[in-house]
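Asks: Just passing along the structure, written as structure tokens.
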Amino acid sequence: MFAKGSPAARWPQEYRTRRATVVLPPSSLLPLSSSSLSSSSASSLPPPTRLFRMRSFAAAVVALSVLSAASAKQIVITVGGNTTDNATAVFNPAEVTAKIGDVIFFNFTQGNHTAIQSTFAGPCIPAHDTNATINGFDSGFRDTVNGTAITNLQVPITDNSTIWFYDANLCADGGVGGINVNESSTETLDGFVRNAIRLNGTDSESTSSTASSTRTSTAGAHPTGGSTGSNSAERTVVLGLGAVLPMAIAALLL
């Protein structure tokens with residue numbers, strides 16, 4: 001193994017044997033490929049690192065939910081007001097614009113009125129009665145008992161289509177309103193008011209007495225409403241935080 005006379009030849013046999021056993025072949029000293037390093041490091045992440053990533057993802061989801069809820073609006077339409085000389089003042093404002101996710105808040109403050117969804121062609125008829133595919137909202141009559149029993153109706157906006165509504169007591173006199181009305185089209189709020197007055201509160205030409213008796217026959221119910229609402233035309237609120245905040249706390253405690 002060693003040349004005769006060389007220093008290594010004079011080493012003890014056991015040392016030469018030990019030295020021979022610790023020498024590694026050149027092939028075993030080649031560096032690992034980048035692919036093998038990547039797969040190895042990914043599979044050997046310590047549990048705390050994976051847990052941190054899971055918490056970061058959960059926190060991001062919660063943050064997006066909070067921002068989405070905070071951007072939604074609650075748009076108030078006051079129902080009542082002084083309608084002695086102007087029936088169109090029953091809804092204030094009578095026309096609003098809302099985005100998907102916003103909530104229309106009908107706040108019944110005076111008199112005994114309704115907020116019922118209808119269609120442009122039948123202003124004073126519930127939408128479902130003229131179009132079975134529309135599951136429109138209907139507040140029923142809300143008697144405020146001289147302003148001592150203020151209630152509300154909340155209508156979430158799920159698309160950008162126009163929504164028409166009316167008050168059963170004043171529809172024949174123009175007590176109507178609209179959400180997301182396209183004033184550049186042929187179906188404007190003024191046209192909707194004219195339709196209501198022209199049709200005299202019915203779905204076809206008829207006499208005033210017929211329309212009046214129809215409204216009187218449906219005025220018996222007084223559904224219970226929600227809590228008292230603000231009289232401002234529009235306000236920005238954080239919706240759904242009661243449900244989102246517990247999720248955020250739970251994510252941070254994981």
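Naming scheme: A, B, ... for chains in displayed order of the structure tokens; residues 1 onward per chain; ligands 1 onward as shown.
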Mind listing the helix (DSSP H, G or I) residues of stretch 94-205 of chain A, per DSSP on the backbone, as a ChimeraX atom specification?

Replies: /A:127-130,171-173,189-198

Asks: What does the file look like for those residues with C-alpha atoms, as a short mmCIF file (atom, residue, chain, number, x, y, z; two decimals), in the first residue's frame?

Replies:
data_model
loop_
_atom_site.label_atom_id
_atom_site.label_comp_id
_atom_site.auth_asym_id
_atom_site.auth_seq_id
_atom_site.Cartn_x
_atom_site.Cartn_y
_atom_site.Cartn_z
CA ALA A 127 -94.01 42.87 -6.91
CA HIS A 128 -94.77 39.20 -6.29
CA ASP A 129 -98.38 39.72 -7.39
CA THR A 130 -97.31 40.99 -10.81
CA CYS A 171 -99.28 55.35 -3.53
CA ALA A 172 -102.25 56.64 -5.59
CA ASP A 173 -101.09 60.18 -4.76
CA LEU A 189 -88.61 58.16 -10.62
CA ASP A 190 -90.81 60.89 -12.10
CA GLY A 191 -92.25 58.36 -14.51
CA PHE A 192 -92.88 55.97 -11.63
CA VAL A 193 -94.75 58.72 -9.72
CA ARG A 194 -96.86 59.49 -12.80
CA ASN A 195 -97.65 55.80 -13.23
CA ALA A 196 -98.83 55.54 -9.63
CA ILE A 197 -101.09 58.57 -9.94
CA ARG A 198 -102.39 57.58 -13.39
#

Asks: Which neighbours of A:Thr83 fall inside 12 Å, counting only C-alpha atoms, when residues of the same chain fewer than 5 positions from it are skipped, and could you give them as JSON, numbers by chain?

Replies: {"A": [88, 89, 90, 91, 92, 110, 111, 112, 113, 167, 169, 170, 171, 173, 174, 175]}

Asks: How many Å lie between atom CA of A:Phe141 and atom CA of A:Ala115, rounded to one decimal?

Replies: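 Straight-line distance from atom CA of A:Phe141 to atom CA of A:Ala115 works out to 8.2 Å.
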
Asks: With only C-alpha atoms as the basis for distance, which of A:Pro156, A:Gly178, A:Ser118, A:Asp143 is at the shortest distance from A:Asn131?

Replies: A:Ser118
